[in-house]
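Structure first, then comments.
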Amino acid sequence: MSEPPGTLTRMPDDESTPADTDHGSDISGYGIASAVAGVIAIVAVVLAALIWTQHRSDADELRYRTGAMQAAADWTSVLINMNKDTVDASLAQLHEGTVGQLNADFDAAVRPYRELVQKLQSRTTGQVDSVAVEFVHHEQPGSEGQRPPSSSDISPFASRTDTVLVVATSVSENAGNDKPQTVRWTLRLDVSDVDGKPMISRLESIR
């Protein structure tokens, strides 16, 4: 039977609801938030790794410089404590701790110290007062805080060379002289890393 004229016909119910249409938006929002959180987590991990690597590098550098300064102090201690009775043994020990040009020209480099001890016939007691790294040379010369190396002061066997300043004091009691003589030492030493071992590659006395 047909509907009378002017009668409204009821439309079928729409099966979709507002909640159904918003569900996809919620999923998209959660996905974006998860992606952002993942990126932040990755950045945090990378940053932590960089910080740790830099910290470890700084710690290794500090450890190496400490070893270089200790080597310079030990070598200087032998030099300033040479006596007339121990001069030959002391010089042999010093020579063993050198490398490069200093090792080749060792006798000429230490001749003034040998002659002084032999001339004074003294008993000497010395101590190192201070040690400091002055320059650092790696494979890339010219970096900040570094000096360009010269062929005369950098051992060809070394992976790096640190220039160390050593200040020391020695007291000598000369034969026939009742008054002890105090000597101030300021030495510039190049300490070269040769296969992981610090070796003295240059000796310079600063007046």
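In the structure tokens, chains take letters A, B, ... by order of appearance, with residues numbered from 1 within each chain and ligands from 1 in the order shown.
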
**Request:** Would you mind listing what lies within 9 Å of range 108-120 of chain A as a list in words, with only C-alpha atoms counted and same-chain residues fewer than 5 positions away left out?
**Result:** Leu79, Ile80, Met82, Asn83, Lys84, Val87, Asp88, Leu91, Leu102, Ser172, Glu173, Asn174, Ala175, Leu203 and Glu204 of chain A

Writer output for current selection, N, CA and C atoms, as a CSV table (one decimal), in the first residue's frame:
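Final output, result.csv:
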chain,number,residue,atom,x,y,z
A,79,LEU,N,119.2,11.9,37.2
A,79,LEU,CA,120.2,12.8,36.8
A,79,LEU,C,120.7,13.7,37.9
A,80,ILE,N,119.8,14.2,38.7
A,80,ILE,CA,120.2,15.2,39.7
A,80,ILE,C,120.7,14.5,41.0
A,82,MET,N,123.1,12.1,40.8
A,82,MET,CA,124.4,11.4,40.4
A,82,MET,C,125.4,11.8,41.4
A,83,ASN,N,126.2,10.9,41.8
A,83,ASN,CA,127.4,11.1,42.7
A,83,ASN,C,128.7,10.6,42.0
A,84,LYS,N,129.8,11.0,42.5
A,84,LYS,CA,131.1,10.6,42.0
A,84,LYS,C,131.2,9.1,41.9
A,87,VAL,N,128.1,7.7,39.2
A,87,VAL,CA,127.9,8.4,37.9
A,87,VAL,C,127.8,7.5,36.7
A,88,ASP,N,128.7,6.5,36.6
A,88,ASP,CA,128.6,5.6,35.5
A,88,ASP,C,127.3,4.8,35.5
A,91,LEU,N,124.4,7.1,34.6
A,91,LEU,CA,124.3,7.5,33.2
A,91,LEU,C,123.8,6.3,32.3
A,102,LEU,N,118.3,11.9,21.1
A,102,LEU,CA,118.9,12.0,22.4
A,102,LEU,C,119.7,10.7,22.7
A,172,SER,N,124.6,19.7,47.0
A,172,SER,CA,125.9,19.0,46.8
A,172,SER,C,126.9,19.3,47.9
A,173,GLU,N,127.5,18.3,48.5
A,173,GLU,CA,128.5,18.5,49.5
A,173,GLU,C,129.8,18.1,48.8
A,174,ASN,N,130.6,19.2,48.5
A,174,ASN,CA,131.8,19.0,47.8
A,174,ASN,C,133.0,18.6,48.7
A,175,ALA,N,133.9,17.8,48.2
A,175,ALA,CA,135.0,17.4,49.0
A,175,ALA,C,135.9,18.6,49.3
A,203,LEU,N,116.5,16.5,25.8
A,203,LEU,CA,116.9,17.1,27.1
A,203,LEU,C,117.4,18.6,26.8
A,204,GLU,N,116.8,19.5,27.5
A,204,GLU,CA,117.2,20.9,27.4
A,204,GLU,C,117.2,21.5,28.8

**Message:** Just want the 9 Å neighbourhood of Leu94 in chain A, counted on only C-alpha atoms, with same-chain residues fewer than 2 positions away dropped. Output as a list in words.
**Reply:** Trp75, Thr76, Val78, Leu79, Ala89, Ser90, Leu91, Ala92, Glu96, Gly97, Thr98 and Ile200 of chain A

Export of the given selection (all heavy atoms) as a PDB file, in the first residue's frame:
ATOM      1  N   TRP A  75     113.228  10.206  35.506  1.00  0.00           N
ATOM      2  CA  TRP A  75     114.475  10.375  34.757  1.00  0.00           C
ATOM      3  C   TRP A  75     115.301  11.525  35.342  1.00  0.00           C
ATOM      4  O   TRP A  75     116.514  11.404  35.520  1.00  0.00           O
ATOM      5  CB  TRP A  75     114.147  10.640  33.293  1.00  0.00           C
ATOM      6  CG  TRP A  75     115.273  10.404  32.335  1.00  0.00           C
ATOM      7  CD1 TRP A  75     115.605   9.231  31.718  1.00  0.00           C
ATOM      8  CD2 TRP A  75     116.212  11.377  31.867  1.00  0.00           C
ATOM      9  NE1 TRP A  75     116.686   9.408  30.892  1.00  0.00           N
ATOM     10  CE2 TRP A  75     117.082  10.720  30.965  1.00  0.00           C
ATOM     11  CE3 TRP A  75     116.401  12.734  32.121  1.00  0.00           C
ATOM     12  CZ2 TRP A  75     118.121  11.371  30.312  1.00  0.00           C
ATOM     13  CZ3 TRP A  75     117.447  13.395  31.474  1.00  0.00           C
ATOM     14  CH2 TRP A  75     118.285  12.719  30.577  1.00  0.00           C
ATOM     15  N   THR A  76     114.632  12.627  35.650  1.00  0.00           N
ATOM     16  CA  THR A  76     115.320  13.773  36.239  1.00  0.00           C
ATOM     17  C   THR A  76     115.900  13.439  37.599  1.00  0.00           C
ATOM     18  O   THR A  76     117.008  13.873  37.952  1.00  0.00           O
ATOM     19  CB  THR A  76     114.354  14.967  36.371  1.00  0.00           C
ATOM     20  OG1 THR A  76     113.864  15.319  35.078  1.00  0.00           O
ATOM     21  CG2 THR A  76     115.031  16.162  37.004  1.00  0.00           C
ATOM     22  N   VAL A  78     117.102  10.640  38.668  1.00  0.00           N
ATOM     23  CA  VAL A  78     118.369   9.927  38.498  1.00  0.00           C
ATOM     24  C   VAL A  78     119.477  10.908  38.121  1.00  0.00           C
ATOM     25  O   VAL A  78     120.605  10.843  38.645  1.00  0.00           O
ATOM     26  CB  VAL A  78     118.238   8.831  37.422  1.00  0.00           C
ATOM     27  CG1 VAL A  78     119.587   8.169  37.148  1.00  0.00           C
ATOM     28  CG2 VAL A  78     117.223   7.786  37.858  1.00  0.00           C
ATOM     29  N   LEU A  79     119.166  11.851  37.231  1.00  0.00           N
ATOM     30  CA  LEU A  79     120.167  12.815  36.765  1.00  0.00           C
ATOM     31  C   LEU A  79     120.684  13.694  37.894  1.00  0.00           C
ATOM     32  O   LEU A  79     121.903  13.885  38.033  1.00  0.00           O
ATOM     33  CB  LEU A  79     119.561  13.686  35.662  1.00  0.00           C
ATOM     34  CG  LEU A  79     120.478  14.765  35.070  1.00  0.00           C
ATOM     35  CD1 LEU A  79     121.643  14.129  34.318  1.00  0.00           C
ATOM     36  CD2 LEU A  79     119.682  15.686  34.142  1.00  0.00           C
ATOM     37  N   ALA A  89     126.908   4.248  36.605  1.00  0.00           N
ATOM     38  CA  ALA A  89     125.665   3.473  36.691  1.00  0.00           C
ATOM     39  C   ALA A  89     124.455   4.362  36.416  1.00  0.00           C
ATOM     40  O   ALA A  89     123.496   3.939  35.743  1.00  0.00           O
ATOM     41  CB  ALA A  89     125.544   2.820  38.061  1.00  0.00           C
ATOM     42  N   SER A  90     124.486   5.587  36.903  1.00  0.00           N
ATOM     43  CA  SER A  90     123.370   6.514  36.703  1.00  0.00           C
ATOM     44  C   SER A  90     123.234   6.878  35.230  1.00  0.00           C
ATOM     45  O   SER A  90     122.132   6.906  34.673  1.00  0.00           O
ATOM     46  CB  SER A  90     123.564   7.776  37.542  1.00  0.00           C
ATOM     47  OG  SER A  90     123.532   7.487  38.922  1.00  0.00           O
ATOM     48  N   LEU A  91     124.368   7.138  34.573  1.00  0.00           N
ATOM     49  CA  LEU A  91     124.326   7.491  33.159  1.00  0.00           C
ATOM     50  C   LEU A  91     123.841   6.309  32.314  1.00  0.00           C
ATOM     51  O   LEU A  91     123.114   6.509  31.322  1.00  0.00           O
ATOM     52  CB  LEU A  91     125.700   7.961  32.696  1.00  0.00           C
ATOM     53  CG  LEU A  91     126.140   9.331  33.228  1.00  0.00           C
ATOM     54  CD1 LEU A  91     127.574   9.631  32.816  1.00  0.00           C
ATOM     55  CD2 LEU A  91     125.205  10.429  32.740  1.00  0.00           C
ATOM     56  N   ALA A  92     124.223   5.099  32.687  1.00  0.00           N
ATOM     57  CA  ALA A  92     123.745   3.923  31.952  1.00  0.00           C
ATOM     58  C   ALA A  92     122.235   3.780  32.095  1.00  0.00           C
ATOM     59  O   ALA A  92     121.521   3.456  31.123  1.00  0.00           O
ATOM     60  CB  ALA A  92     124.451   2.669  32.465  1.00  0.00           C
ATOM     61  N   GLU A  96     119.429   4.207  28.980  1.00  0.00           N
ATOM     62  CA  GLU A  96     118.446   3.162  28.699  1.00  0.00           C
ATOM     63  C   GLU A  96     117.039   3.727  28.563  1.00  0.00           C
ATOM     64  O   GLU A  96     116.189   3.155  27.860  1.00  0.00           O
ATOM     65  CB  GLU A  96     118.471   2.121  29.821  1.00  0.00           C
ATOM     66  CG  GLU A  96     117.597   0.914  29.568  1.00  0.00           C
ATOM     67  CD  GLU A  96     117.702  -0.111  30.680  1.00  0.00           C
ATOM     68  OE1 GLU A  96     118.608   0.028  31.529  1.00  0.00           O
ATOM     69  OE2 GLU A  96     116.878  -1.043  30.711  1.00  0.00           O
ATOM     70  N   GLY A  97     116.772   4.856  29.202  1.00  0.00           N
ATOM     71  CA  GLY A  97     115.438   5.448  29.157  1.00  0.00           C
ATOM     72  C   GLY A  97     115.246   6.468  28.056  1.00  0.00           C
ATOM     73  O   GLY A  97     114.242   7.187  28.053  1.00  0.00           O
ATOM     74  N   THR A  98     116.201   6.547  27.099  1.00  0.00           N
ATOM     75  CA  THR A  98     116.110   7.537  26.024  1.00  0.00           C
ATOM     76  C   THR A  98     115.798   6.871  24.697  1.00  0.00           C
ATOM     77  O   THR A  98     115.936   5.652  24.528  1.00  0.00           O
ATOM     78  CB  THR A  98     117.423   8.333  25.896  1.00  0.00           C
ATOM     79  OG1 THR A  98     118.485   7.436  25.547  1.00  0.00           O
ATOM     80  CG2 THR A  98     117.752   9.039  27.202  1.00  0.00           C
ATOM     81  N   ILE A 200     112.421   9.259  27.045  1.00  0.00           N
ATOM     82  CA  ILE A 200     112.907  10.632  26.933  1.00  0.00           C
ATOM     83  C   ILE A 200     113.607  10.797  25.589  1.00  0.00           C
ATOM     84  O   ILE A 200     114.557  10.077  25.278  1.00  0.00           O
ATOM     85  CB  ILE A 200     113.884  10.960  28.076  1.00  0.00           C
ATOM     86  CG1 ILE A 200     113.273  10.600  29.433  1.00  0.00           C
ATOM     87  CG2 ILE A 200     114.252  12.452  28.037  1.00  0.00           C
ATOM     88  CD1 ILE A 200     111.955  11.276  29.733  1.00  0.00           C
TER      89      ILE A 200
END

Please give the complete set of residues from range 59-131 of chain A that DSSP, run on the backbone, assigns to strand (DSSP E), formatted as a PDB file with all heavy atoms, in the first residue's frame.
ATOM      1  N   SER A 122     131.468  15.335  44.298  1.00  0.00           N
ATOM      2  CA  SER A 122     130.450  15.681  45.282  1.00  0.00           C
ATOM      3  C   SER A 122     129.542  14.511  45.629  1.00  0.00           C
ATOM      4  O   SER A 122     129.424  13.538  44.878  1.00  0.00           O
ATOM      5  CB  SER A 122     129.595  16.836  44.770  1.00  0.00           C
ATOM      6  OG  SER A 122     128.934  16.443  43.583  1.00  0.00           O
ATOM      7  N   ARG A 123     128.924  14.648  46.777  1.00  0.00           N
ATOM      8  CA  ARG A 123     127.802  13.794  47.153  1.00  0.00           C
ATOM      9  C   ARG A 123     126.548  14.650  47.018  1.00  0.00           C
ATOM     10  O   ARG A 123     126.407  15.672  47.668  1.00  0.00           O
ATOM     11  CB  ARG A 123     127.945  13.298  48.592  1.00  0.00           C
ATOM     12  CG  ARG A 123     129.093  12.319  48.803  1.00  0.00           C
ATOM     13  CD  ARG A 123     129.092  11.800  50.229  1.00  0.00           C
ATOM     14  NE  ARG A 123     129.166  12.911  51.182  1.00  0.00           N
ATOM     15  CZ  ARG A 123     128.894  12.795  52.485  1.00  0.00           C
ATOM     16  NH1 ARG A 123     128.485  11.642  52.966  1.00  0.00           N
ATOM     17  NH2 ARG A 123     129.003  13.841  53.289  1.00  0.00           N
ATOM     18  N   THR A 124     125.662  14.232  46.149  1.00  0.00           N
ATOM     19  CA  THR A 124     124.507  15.062  45.802  1.00  0.00           C
ATOM     20  C   THR A 124     123.213  14.367  46.177  1.00  0.00           C
ATOM     21  O   THR A 124     123.046  13.174  45.952  1.00  0.00           O
ATOM     22  CB  THR A 124     124.503  15.370  44.295  1.00  0.00           C
ATOM     23  OG1 THR A 124     125.726  16.018  43.947  1.00  0.00           O
ATOM     24  CG2 THR A 124     123.329  16.269  43.931  1.00  0.00           C
ATOM     25  N   THR A 125     122.319  15.174  46.745  1.00  0.00           N
ATOM     26  CA  THR A 125     120.966  14.707  47.045  1.00  0.00           C
ATOM     27  C   THR A 125     119.994  15.668  46.394  1.00  0.00           C
ATOM     28  O   THR A 125     120.039  16.878  46.654  1.00  0.00           O
ATOM     29  CB  THR A 125     120.707  14.660  48.560  1.00  0.00           C
ATOM     30  OG1 THR A 125     121.682  13.813  49.178  1.00  0.00           O
ATOM     31  CG2 THR A 125     119.316  14.125  48.846  1.00  0.00           C
ATOM     32  N   GLY A 126     119.127  15.150  45.532  1.00  0.00           N
ATOM     33  CA  GLY A 126     118.198  16.021  44.811  1.00  0.00           C
ATOM     34  C   GLY A 126     116.766  15.559  44.947  1.00  0.00           C
ATOM     35  O   GLY A 126     116.484  14.401  45.271  1.00  0.00           O
ATOM     36  N   GLN A 127     115.864  16.490  44.674  1.00  0.00           N
ATOM     37  CA  GLN A 127     114.438  16.168  44.683  1.00  0.00           C
ATOM     38  C   GLN A 127     113.718  16.988  43.624  1.00  0.00           C
ATOM     39  O   GLN A 127     114.106  18.119  43.324  1.00  0.00           O
ATOM     40  CB  GLN A 127     113.804  16.431  46.052  1.00  0.00           C
ATOM     41  CG  GLN A 127     113.739  17.900  46.446  1.00  0.00           C
ATOM     42  CD  GLN A 127     113.021  18.128  47.769  1.00  0.00           C
ATOM     43  OE1 GLN A 127     112.843  17.205  48.553  1.00  0.00           O
ATOM     44  NE2 GLN A 127     112.611  19.361  48.006  1.00  0.00           N
ATOM     45  N   VAL A 128     112.683  16.397  43.047  1.00  0.00           N
ATOM     46  CA  VAL A 128     111.863  17.082  42.051  1.00  0.00           C
ATOM     47  C   VAL A 128     110.815  17.915  42.762  1.00  0.00           C
ATOM     48  O   VAL A 128     110.080  17.411  43.611  1.00  0.00           O
ATOM     49  CB  VAL A 128     111.197  16.062  41.106  1.00  0.00           C
ATOM     50  CG1 VAL A 128     110.225  16.759  40.161  1.00  0.00           C
ATOM     51  CG2 VAL A 128     112.252  15.296  40.313  1.00  0.00           C
ATOM     52  N   ASP A 129     110.747  19.200  42.429  1.00  0.00           N
ATOM     53  CA  ASP A 129     109.808  20.113  43.084  1.00  0.00           C
ATOM     54  C   ASP A 129     108.478  20.209  42.343  1.00  0.00           C
ATOM     55  O   ASP A 129     107.412  20.275  42.967  1.00  0.00           O
ATOM     56  CB  ASP A 129     110.432  21.514  43.206  1.00  0.00           C
ATOM     57  CG  ASP A 129     111.698  21.501  44.036  1.00  0.00           C
ATOM     58  OD1 ASP A 129     111.742  20.752  45.046  1.00  0.00           O
ATOM     59  OD2 ASP A 129     112.656  22.216  43.682  1.00  0.00           O
ATOM     60  N   SER A 130     108.492  20.233  41.022  1.00  0.00           N
ATOM     61  CA  SER A 130     107.247  20.343  40.257  1.00  0.00           C
ATOM     62  C   SER A 130     107.445  19.804  38.853  1.00  0.00           C
ATOM     63  O   SER A 130     108.556  19.827  38.313  1.00  0.00           O
ATOM     64  CB  SER A 130     106.760  21.798  40.196  1.00  0.00           C
ATOM     65  OG  SER A 130     107.682  22.608  39.482  1.00  0.00           O
ATOM     66  N   VAL A 131     106.335  19.334  38.285  1.00  0.00           N
ATOM     67  CA  VAL A 131     106.332  18.786  36.923  1.00  0.00           C
ATOM     68  C   VAL A 131     105.061  19.269  36.232  1.00  0.00           C
ATOM     69  O   VAL A 131     103.984  19.274  36.830  1.00  0.00           O
ATOM     70  CB  VAL A 131     106.358  17.240  36.921  1.00  0.00           C
ATOM     71  CG1 VAL A 131     106.507  16.722  35.497  1.00  0.00           C
ATOM     72  CG2 VAL A 131     107.468  16.713  37.798  1.00  0.00           C
TER      73      VAL A 131
END

Residue contacts of range 186-195 of chain A (10 Å, only C-alpha atoms) excluding same-chain residues fewer than 4 positions away, as an mmCIF file with N, CA and C atoms, in the first residue's frame:
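As written to disk, part39.cif reads:
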data_model
loop_
_atom_site.group_PDB
_atom_site.id
_atom_site.type_symbol
_atom_site.label_atom_id
_atom_site.label_comp_id
_atom_site.auth_asym_id
_atom_site.auth_seq_id
_atom_site.Cartn_x
_atom_site.Cartn_y
_atom_site.Cartn_z
ATOM 1 N N TYR A 64 97.426 9.224 30.566
ATOM 2 C CA TYR A 64 98.669 9.218 29.801
ATOM 3 C C TYR A 64 99.583 10.374 30.217
ATOM 4 N N ARG A 65 99.015 11.560 30.355
ATOM 5 C CA ARG A 65 99.841 12.716 30.735
ATOM 6 C C ARG A 65 100.462 12.516 32.111
ATOM 7 N N GLY A 67 101.334 9.662 33.349
ATOM 8 C CA GLY A 67 102.444 8.743 33.133
ATOM 9 C C GLY A 67 103.650 9.430 32.509
ATOM 10 N N ALA A 68 103.403 10.357 31.578
ATOM 11 C CA ALA A 68 104.504 11.093 30.948
ATOM 12 C C ALA A 68 105.232 11.968 31.966
ATOM 13 N N MET A 69 104.472 12.640 32.816
ATOM 14 C CA MET A 69 105.096 13.474 33.845
ATOM 15 C C MET A 69 105.876 12.641 34.849
ATOM 16 N N ALA A 71 107.341 9.757 34.208
ATOM 17 C CA ALA A 71 108.561 9.316 33.540
ATOM 18 C C ALA A 71 109.613 10.426 33.530
ATOM 19 N N ALA A 72 109.176 11.662 33.266
ATOM 20 C CA ALA A 72 110.109 12.797 33.264
ATOM 21 C C ALA A 72 110.681 13.034 34.660
ATOM 22 N N ALA A 73 109.840 12.922 35.679
ATOM 23 C CA ALA A 73 110.296 13.128 37.058
ATOM 24 C C ALA A 73 111.287 12.046 37.470
ATOM 25 N N TRP A 75 113.228 10.206 35.506
ATOM 26 C CA TRP A 75 114.475 10.375 34.757
ATOM 27 C C TRP A 75 115.301 11.525 35.342
ATOM 28 N N THR A 76 114.632 12.627 35.650
ATOM 29 C CA THR A 76 115.320 13.773 36.239
ATOM 30 C C THR A 76 115.900 13.439 37.599
ATOM 31 N N THR A 98 116.201 6.547 27.099
ATOM 32 C CA THR A 98 116.110 7.537 26.024
ATOM 33 C C THR A 98 115.798 6.871 24.697
ATOM 34 N N VAL A 99 115.403 7.693 23.718
ATOM 35 C CA VAL A 99 115.075 7.203 22.389
ATOM 36 C C VAL A 99 115.364 8.310 21.388
ATOM 37 N N GLY A 100 115.494 7.943 20.125
ATOM 38 C CA GLY A 100 115.655 8.941 19.071
ATOM 39 C C GLY A 100 117.002 9.619 19.098
ATOM 40 N N LEU A 102 118.254 11.898 21.080
ATOM 41 C CA LEU A 102 118.906 11.973 22.391
ATOM 42 C C LEU A 102 119.654 10.682 22.690
ATOM 43 N N VAL A 128 112.683 16.397 43.047
ATOM 44 C CA VAL A 128 111.863 17.082 42.051
ATOM 45 C C VAL A 128 110.815 17.915 42.762
ATOM 46 N N ASP A 129 110.747 19.200 42.429
ATOM 47 C CA ASP A 129 109.808 20.113 43.084
ATOM 48 C C ASP A 129 108.478 20.209 42.343
ATOM 49 N N SER A 130 108.492 20.233 41.022
ATOM 50 C CA SER A 130 107.247 20.343 40.257
ATOM 51 C C SER A 130 107.445 19.804 38.853
ATOM 52 N N VAL A 131 106.335 19.334 38.285
ATOM 53 C CA VAL A 131 106.332 18.786 36.923
ATOM 54 C C VAL A 131 105.061 19.269 36.232
ATOM 55 N N ALA A 132 105.188 19.665 34.972
ATOM 56 C CA ALA A 132 104.009 20.120 34.226
ATOM 57 C C ALA A 132 104.198 19.839 32.743
ATOM 58 N N VAL A 133 103.106 19.490 32.070
ATOM 59 C CA VAL A 133 103.134 19.297 30.626
ATOM 60 C C VAL A 133 103.064 20.667 29.954
ATOM 61 N N GLU A 134 104.017 20.935 29.073
ATOM 62 C CA GLU A 134 104.063 22.228 28.385
ATOM 63 C C GLU A 134 103.412 22.148 27.001
ATOM 64 N N PHE A 135 103.764 21.140 26.218
ATOM 65 C CA PHE A 135 103.218 20.968 24.871
ATOM 66 C C PHE A 135 102.860 19.510 24.659
ATOM 67 N N VAL A 136 101.905 19.303 23.742
ATOM 68 C CA VAL A 136 101.516 17.950 23.343
ATOM 69 C C VAL A 136 101.567 17.882 21.826
ATOM 70 N N HIS A 137 102.204 16.845 21.303
ATOM 71 C CA HIS A 137 102.244 16.646 19.854
ATOM 72 C C HIS A 137 101.661 15.289 19.524
ATOM 73 N N ASP A 153 113.430 17.254 17.199
ATOM 74 C CA ASP A 153 112.994 17.001 18.568
ATOM 75 C C ASP A 153 111.860 15.996 18.679
ATOM 76 N N ILE A 154 111.410 15.414 17.561
ATOM 77 C CA ILE A 154 110.360 14.404 17.611
ATOM 78 C C ILE A 154 110.939 13.072 17.151
ATOM 79 N N SER A 155 110.867 12.080 18.016
ATOM 80 C CA SER A 155 111.391 10.773 17.654
ATOM 81 C C SER A 155 110.547 10.150 16.550
ATOM 82 N N PRO A 156 111.180 9.584 15.510
ATOM 83 C CA PRO A 156 110.404 8.950 14.435
ATOM 84 C C PRO A 156 109.705 7.668 14.892
ATOM 85 N N PHE A 157 110.080 7.159 16.053
ATOM 86 C CA PHE A 157 109.474 5.930 16.556
ATOM 87 C C PHE A 157 108.247 6.200 17.418
ATOM 88 N N ALA A 158 107.953 7.452 17.700
ATOM 89 C CA ALA A 158 106.924 7.786 18.682
ATOM 90 C C ALA A 158 105.592 8.105 18.027
ATOM 91 N N SER A 159 104.503 7.677 18.668
ATOM 92 C CA SER A 159 103.159 8.012 18.206
ATOM 93 C C SER A 159 102.732 9.384 18.710
ATOM 94 N N ARG A 160 103.315 9.845 19.796
ATOM 95 C CA ARG A 160 103.057 11.186 20.316
ATOM 96 C C ARG A 160 104.217 11.587 21.211
ATOM 97 N N THR A 161 104.373 12.888 21.409
ATOM 98 C CA THR A 161 105.439 13.407 22.257
ATOM 99 C C THR A 161 104.897 14.552 23.098
ATOM 100 N N ASP A 162 105.096 14.473 24.388
ATOM 101 C CA ASP A 162 104.718 15.540 25.311
ATOM 102 C C ASP A 162 105.980 16.235 25.801
ATOM 103 N N THR A 163 105.979 17.546 25.771
ATOM 104 C CA THR A 163 107.088 18.312 26.325
ATOM 105 C C THR A 163 106.766 18.651 27.772
ATOM 106 N N VAL A 164 107.641 18.221 28.663
ATOM 107 C CA VAL A 164 107.398 18.335 30.101
ATOM 108 C C VAL A 164 108.462 19.228 30.729
ATOM 109 N N LEU A 165 108.018 20.163 31.548
ATOM 110 C CA LEU A 165 108.930 21.006 32.314
ATOM 111 C C LEU A 165 109.093 20.431 33.716
ATOM 112 N N VAL A 166 110.347 20.308 34.141
ATOM 113 C CA VAL A 166 110.647 19.762 35.466
ATOM 114 C C VAL A 166 111.490 20.775 36.230
ATOM 115 N N VAL A 167 111.046 21.118 37.422
ATOM 116 C CA VAL A 167 111.800 21.996 38.318
ATOM 117 C C VAL A 167 112.259 21.158 39.500
ATOM 118 N N ALA A 168 113.559 21.232 39.796
ATOM 119 C CA ALA A 168 114.109 20.392 40.859
ATOM 120 C C ALA A 168 115.184 21.151 41.621
ATOM 121 N N THR A 169 115.560 20.581 42.757
ATOM 122 C CA THR A 169 116.598 21.162 43.605
ATOM 123 C C THR A 169 117.544 20.061 44.048
ATOM 124 N N MET A 199 109.392 7.371 26.821
ATOM 125 C CA MET A 199 110.850 7.447 26.696
ATOM 126 C C MET A 199 111.242 8.911 26.532
ATOM 127 N N ILE A 200 112.421 9.259 27.045
ATOM 128 C CA ILE A 200 112.907 10.632 26.933
ATOM 129 C C ILE A 200 113.607 10.797 25.589
ATOM 130 N N SER A 201 113.118 11.755 24.786
ATOM 131 C CA SER A 201 113.676 11.942 23.448
ATOM 132 C C SER A 201 114.401 13.274 23.277
ATOM 133 N N ARG A 202 114.339 14.137 24.289
ATOM 134 C CA ARG A 202 115.073 15.405 24.198
ATOM 135 C C ARG A 202 115.334 15.929 25.593
ATOM 136 N N LEU A 203 116.501 16.533 25.788
ATOM 137 C CA LEU A 203 116.897 17.136 27.053
ATOM 138 C C LEU A 203 117.371 18.557 26.809
ATOM 139 N N GLU A 204 116.791 19.483 27.533
ATOM 140 C CA GLU A 204 117.193 20.888 27.430
ATOM 141 C C GLU A 204 117.234 21.498 28.817
ATOM 142 N N SER A 205 118.355 22.118 29.141
ATOM 143 C CA SER A 205 118.489 22.798 30.423
ATOM 144 C C SER A 205 118.150 24.269 30.243
ATOM 145 N N ILE A 206 117.233 24.783 31.068
ATOM 146 C CA ILE A 206 116.793 26.174 30.987
ATOM 147 C C ILE A 206 117.457 26.967 32.092
ATOM 148 N N ARG A 207 118.153 27.998 31.712
ATOM 149 C CA ARG A 207 118.851 28.827 32.691
ATOM 150 C C ARG A 207 117.909 29.852 33.286
#

**Item:** Gap from CA of Val171 in chain A to CA of Phe106 in chain A - Å, one decimal
**Value:** 24.6 Å
